[in-house]
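A.B. asks: Supplied in structure tokens, the structure appears directly below.
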Amino acid sequence: FVAVGPEHDKQSGWPSRMRESGVRYEGELEPADMESWFASIDVLVVPTTTWPEGHPGVIIESFFAGVPVVATDVGGIRELVDSETGQLVPPNEPLAIGCAIESVLSSSSEYSRLSSNCVARSRSFSADEWIIALVDATLRQSDSNEESR
């Protein structure tokens, strides 16, 4: 296990506790390092308990890399992660997280299916898709304005 992210509360000692339990804590990564980091992992785990959680960008980055996601079902995360791209688990249930990770890695065919679905889902977050959506919305608004005249 590798943990990445900022050390918000230096008094808590959680990085030390993680290291003691065998987790490698790497701190915050530079954006330029993210691509190689994603290439080095099998599953992205987002065990957040923050409410309300928005759409963590790291999940979308994971999709682009074809890395399945195990995440807690809080806030907007459920709009990103589903059984096609990984698994959602209840917050504050570490056993459920472990079982979900095991399930994602249970077979190479299941892992390949999830990975392919992640890449497919990532296309909806590409710049081209956002431009198309913006143009479509603008045209619909324009049509709506013309109809109301």
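Here's how to read the names in the structure tokens: chain A, B, ... by the order shown, residue numbers from 1 in each chain, ligand numbers from 1 in the order shown.
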When DSSP is applied to the backbone of this structure, which of segment 72-104 of chain A are assigned strand (DSSP E or B)? Write them out as a list in words.

C.D. replies: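 Reading the DSSP output for segment 72-104 of chain A, strand (DSSP E or B) covers Thr72, Gly86, Gln87, Leu88 and Val89 of chain A.
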
A.B. asks: Write the selection just made, keeping N, CA, C and O atoms, as a compact mmCIF listing (two decimals), in the first residue's frame?

C.D. replies:
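In the end it all went to result_29.txt:
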# COMPACT_ATOMS: atom_id res chain seq x y z
N THR A 72 -15.18 5.60 -0.95
CA THR A 72 -16.32 5.67 -0.04
C THR A 72 -17.46 6.41 -0.73
O THR A 72 -17.25 7.33 -1.52
N GLY A 86 -15.24 0.39 -10.69
CA GLY A 86 -14.66 0.04 -9.40
C GLY A 86 -15.74 -0.33 -8.43
O GLY A 86 -16.74 -0.95 -8.80
N GLN A 87 -15.59 0.10 -7.19
CA GLN A 87 -16.60 -0.19 -6.17
C GLN A 87 -16.71 0.95 -5.18
O GLN A 87 -15.71 1.57 -4.81
N LEU A 88 -17.95 1.17 -4.75
CA LEU A 88 -18.22 2.12 -3.67
C LEU A 88 -18.44 1.34 -2.39
O LEU A 88 -19.03 0.26 -2.40
N VAL A 89 -17.97 1.90 -1.28
CA VAL A 89 -18.14 1.28 0.03
C VAL A 89 -18.65 2.34 1.01
O VAL A 89 -18.44 3.53 0.80

A.B. asks: Which residues of segment 48-102 of chain A come within 6 Å of segment 107-131 of chain A, and for each one, what is the closest pair of atoms and their distance in Å to one decimal, counting only C-alpha atoms, sorted by chain and residue number, as a tab-separated table?

C.D. replies:
residue	atom	partner	partner_atom	distance
A:Phe63	CA	A:Cys118	CA	4.4
A:Phe64	CA	A:Ser122	CA	5.1
A:Gly66	CA	A:Ser115	CA	4.6
A:Val67	CA	A:Ser115	CA	5.6
A:Pro68	CA	A:Ser115	CA	5.7
A:Glu84	CA	A:Leu114	CA	5.8
A:Thr85	CA	A:Leu114	CA	5.0

A.B. asks: Can you write out the residues you just picked, keeping N, CA, C and O atoms, as a PDB file, in the first residue's frame?

C.D. replies:
ATOM      1  N   PHE A  63      -9.224   7.297 -13.950  1.00  0.00           N
ATOM      2  CA  PHE A  63      -9.929   6.777 -15.121  1.00  0.00           C
ATOM      3  C   PHE A  63      -9.071   6.919 -16.377  1.00  0.00           C
ATOM      4  O   PHE A  63      -8.979   5.993 -17.176  1.00  0.00           O
ATOM      5  N   PHE A  64      -8.463   8.097 -16.552  1.00  0.00           N
ATOM      6  CA  PHE A  64      -7.616   8.319 -17.722  1.00  0.00           C
ATOM      7  C   PHE A  64      -6.474   7.304 -17.770  1.00  0.00           C
ATOM      8  O   PHE A  64      -6.050   6.895 -18.843  1.00  0.00           O
ATOM      9  N   GLY A  66      -6.697   4.276 -16.613  1.00  0.00           N
ATOM     10  CA  GLY A  66      -7.238   2.919 -16.652  1.00  0.00           C
ATOM     11  C   GLY A  66      -7.108   2.179 -15.337  1.00  0.00           C
ATOM     12  O   GLY A  66      -7.068   0.956 -15.306  1.00  0.00           O
ATOM     13  N   VAL A  67      -7.069   2.943 -14.232  1.00  0.00           N
ATOM     14  CA  VAL A  67      -6.912   2.338 -12.904  1.00  0.00           C
ATOM     15  C   VAL A  67      -8.272   2.331 -12.195  1.00  0.00           C
ATOM     16  O   VAL A  67      -8.844   3.395 -11.943  1.00  0.00           O
ATOM     17  N   PRO A  68      -8.806   1.142 -11.887  1.00  0.00           N
ATOM     18  CA  PRO A  68     -10.088   1.063 -11.171  1.00  0.00           C
ATOM     19  C   PRO A  68     -10.011   1.750  -9.800  1.00  0.00           C
ATOM     20  O   PRO A  68      -8.936   1.904  -9.226  1.00  0.00           O
ATOM     21  N   GLU A  84     -19.054  -0.349 -12.780  1.00  0.00           N
ATOM     22  CA  GLU A  84     -18.363  -0.443 -14.070  1.00  0.00           C
ATOM     23  C   GLU A  84     -16.932   0.073 -14.002  1.00  0.00           C
ATOM     24  O   GLU A  84     -16.130  -0.210 -14.884  1.00  0.00           O
ATOM     25  N   THR A  85     -16.610   0.856 -12.981  1.00  0.00           N
ATOM     26  CA  THR A  85     -15.278   1.462 -12.868  1.00  0.00           C
ATOM     27  C   THR A  85     -14.573   1.114 -11.559  1.00  0.00           C
ATOM     28  O   THR A  85     -13.439   1.532 -11.349  1.00  0.00           O
TER      29      THR A  85
END

A.B. asks: Please list as number ranges by chain every residue within 9 Å of segment 31-34 of chain A, counting only C-alpha atoms and excluding residues in the same chain fewer than 4 positions away.

C.D. replies: A: 38-39, 61

A.B. asks: Output C-alpha atoms for every residue in the selection just made, as a PDB file, in the first residue's frame.

C.D. replies:
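Saved result, part-v8.pdb, follows:
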ATOM      1  CA  PHE A  38      -0.767   5.913 -11.747  1.00  0.00           C
ATOM      2  CA  ALA A  39       1.278   3.509 -13.882  1.00  0.00           C
ATOM      3  CA  GLU A  61      -7.162  11.065 -13.372  1.00  0.00           C
TER       4      GLU A  61
END

A.B. asks: Please return, as a PyMOL selection string, all residues of chain A that DSSP assigns to helix (DSSP H, G or I) on the basis of the backbone.

C.D. replies: chain A and resi 14-20+31-39+57-65+75-79+94-104+108-125+127-147

A.B. asks: Emit the selected residues as a short mmCIF file (atom, residue, chain, number, x, y, z; two decimals), in the first residue's frame, including C-alpha atoms.

C.D. replies:
data_model
loop_
_atom_site.label_atom_id
_atom_site.label_comp_id
_atom_site.auth_asym_id
_atom_site.auth_seq_id
_atom_site.Cartn_x
_atom_site.Cartn_y
_atom_site.Cartn_z
CA TRP A 14 -1.00 9.45 11.00
CA PRO A 15 1.89 9.18 8.50
CA SER A 16 3.98 7.54 11.25
CA ARG A 17 1.14 5.19 12.14
CA MET A 18 0.74 4.25 8.47
CA ARG A 19 4.45 3.54 8.12
CA GLU A 20 4.33 1.36 11.25
CA PRO A 31 1.36 17.09 -11.05
CA ALA A 32 4.21 16.07 -13.37
CA ASP A 33 4.66 12.87 -11.32
CA MET A 34 1.04 11.72 -11.46
CA GLU A 35 1.20 9.81 -14.75
CA SER A 36 4.08 7.62 -13.60
CA TRP A 37 2.47 7.19 -10.18
CA PHE A 38 -0.77 5.91 -11.75
CA ALA A 39 1.28 3.51 -13.88
CA GLY A 57 -10.07 15.05 -9.51
CA VAL A 58 -7.83 12.13 -8.62
CA ILE A 59 -10.68 9.76 -9.54
CA ILE A 60 -10.96 11.26 -13.02
CA GLU A 61 -7.16 11.07 -13.37
CA SER A 62 -7.38 7.42 -12.38
CA PHE A 63 -9.93 6.78 -15.12
CA PHE A 64 -7.62 8.32 -17.72
CA ALA A 65 -4.89 5.92 -16.53
CA GLY A 75 -21.05 13.29 -1.79
CA GLY A 76 -20.49 13.38 -5.53
CA ILE A 77 -18.20 10.36 -5.61
CA ARG A 78 -21.16 8.13 -6.47
CA GLU A 79 -21.61 10.15 -9.66
CA PRO A 94 -12.13 -0.40 6.57
CA LEU A 95 -13.16 -4.04 6.23
CA ALA A 96 -15.48 -3.09 3.35
CA ILE A 97 -12.59 -1.24 1.68
CA GLY A 98 -10.37 -4.32 1.97
CA CYS A 99 -13.08 -6.58 0.56
CA ALA A 100 -13.68 -4.18 -2.35
CA ILE A 101 -9.96 -4.07 -3.17
CA GLU A 102 -9.85 -7.86 -3.08
CA SER A 103 -12.89 -8.03 -5.37
CA VAL A 104 -11.41 -5.61 -7.91
CA SER A 108 -7.54 -10.64 -14.43
CA SER A 109 -10.68 -10.59 -16.60
CA GLU A 110 -12.60 -8.55 -14.00
CA TYR A 111 -9.67 -6.18 -13.63
CA SER A 112 -9.39 -5.78 -17.42
CA ARG A 113 -13.12 -5.07 -17.66
CA LEU A 114 -12.94 -2.38 -14.99
CA SER A 115 -9.78 -0.87 -16.48
CA SER A 116 -11.33 -0.67 -19.96
CA ASN A 117 -14.47 0.89 -18.52
CA CYS A 118 -12.38 3.48 -16.70
CA VAL A 119 -10.69 4.52 -19.94
CA ALA A 120 -14.06 4.66 -21.70
CA ARG A 121 -15.51 6.77 -18.86
CA SER A 122 -12.52 9.11 -19.01
CA ARG A 123 -13.52 10.16 -22.51
CA SER A 124 -16.51 11.99 -21.06
CA PHE A 125 -14.08 14.21 -19.17
CA ALA A 127 -11.59 18.65 -23.38
CA ASP A 128 -13.29 17.68 -26.66
CA GLU A 129 -16.33 16.31 -24.82
CA TRP A 130 -16.59 19.42 -22.65
CA ILE A 131 -16.43 21.65 -25.74
CA ILE A 132 -19.18 19.60 -27.42
CA ALA A 133 -21.32 19.81 -24.27
CA LEU A 134 -20.79 23.56 -24.04
CA VAL A 135 -21.71 24.10 -27.70
CA ASP A 136 -24.79 21.87 -27.34
CA ALA A 137 -25.92 23.74 -24.22
CA THR A 138 -25.38 27.09 -25.95
CA LEU A 139 -27.38 25.97 -28.98
CA ARG A 140 -30.21 24.65 -26.79
CA GLN A 141 -30.29 27.94 -24.90
CA SER A 142 -30.34 29.87 -28.18
CA ASP A 143 -33.18 27.69 -29.52
CA SER A 144 -35.09 28.16 -26.26
CA ASN A 145 -34.69 31.93 -26.44
CA GLU A 146 -35.92 31.99 -30.06
CA GLU A 147 -38.99 29.88 -29.17
#

A.B. asks: Tell me, in Å to one decimal, how far atom CA of Phe1 of chain A is from atom CA of Glu26 of chain A.

C.D. replies: 10.7 Å

A.B. asks: Can you tell me which residues surround Gly27 of chain A at a distance of at most 6 Å, considering only C-alpha atoms, apart from same-chain residues fewer than 3 positions away, and format the answer as a PyMOL selection string?

C.D. replies: chain A and resi 4-6

A.B. asks: Any chance you could export the current selection's N, CA, C and O atoms as an mmCIF file, in the first residue's frame?

C.D. replies:
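Below is the file that was written, again_33.cif:
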data_model
loop_
_atom_site.group_PDB
_atom_site.id
_atom_site.type_symbol
_atom_site.label_atom_id
_atom_site.label_comp_id
_atom_site.auth_asym_id
_atom_site.auth_seq_id
_atom_site.Cartn_x
_atom_site.Cartn_y
_atom_site.Cartn_z
ATOM 1 N N VAL A 4 -0.718 8.697 -0.630
ATOM 2 C CA VAL A 4 -0.244 9.978 -1.144
ATOM 3 C C VAL A 4 -1.235 11.048 -0.732
ATOM 4 O O VAL A 4 -2.411 10.789 -0.574
ATOM 5 N N GLY A 5 -0.726 12.239 -0.567
ATOM 6 C CA GLY A 5 -1.586 13.365 -0.224
ATOM 7 C C GLY A 5 -0.931 14.230 0.829
ATOM 8 O O GLY A 5 0.090 13.861 1.415
ATOM 9 N N PRO A 6 -1.541 15.380 1.044
ATOM 10 C CA PRO A 6 -0.957 16.318 2.009
ATOM 11 C C PRO A 6 -1.099 15.816 3.439
ATOM 12 O O PRO A 6 -2.019 15.080 3.762
#

A.B. asks: Find, counting only C-alpha atoms, the residue in A:Leu105, A:Asn92, A:Ser83, A:Gly13 that gets nearest to Asp42 of chain A.

C.D. replies: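 Ranked by minimum distance to Asp42 of chain A, first place goes to A:Leu105.
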
A.B. asks: For a quick check of understanding, using only C-alpha atoms, which of A:Ala71, A:Leu29, A:Leu80, A:Val23 has the smallest distance to Val46 of chain A?

C.D. replies: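 Smallest distance to Val46 of chain A is found for A:Ala71.
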
A.B. asks: Record the distance separating atom CA of Val69 of chain A and atom CA of Val43 of chain A, expressed in Å with one decimal.

C.D. replies: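 About the pair atom CA of Val69 of chain A and atom CA of Val43 of chain A: they are 5.7 Å apart.
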
A.B. asks: Which distance in Å separates atom CA of Ile41 of chain A and atom CA of His55 of chain A, to one decimal?

C.D. replies: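 Distance reported for this atom pair: 20.7 Å.
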
A.B. asks: Go through A:Val70, A:Val81, A:Val2, A:Pro91 and flag the residue nearest Thr49 of chain A, using only C-alpha atoms for the distances.

C.D. replies: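 Between A:Val70, A:Val81, A:Val2, A:Pro91, the residue approaching Thr49 of chain A most closely is A:Pro91.
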
A.B. asks: Rank nothing, just name the residue among A:Asp82, A:Asp73, A:Glu30, A:Ala3 nearest to Glu53 of chain A, using only C-alpha atoms.

C.D. replies: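 For Glu53 of chain A, the nearest of the candidates is A:Asp73.
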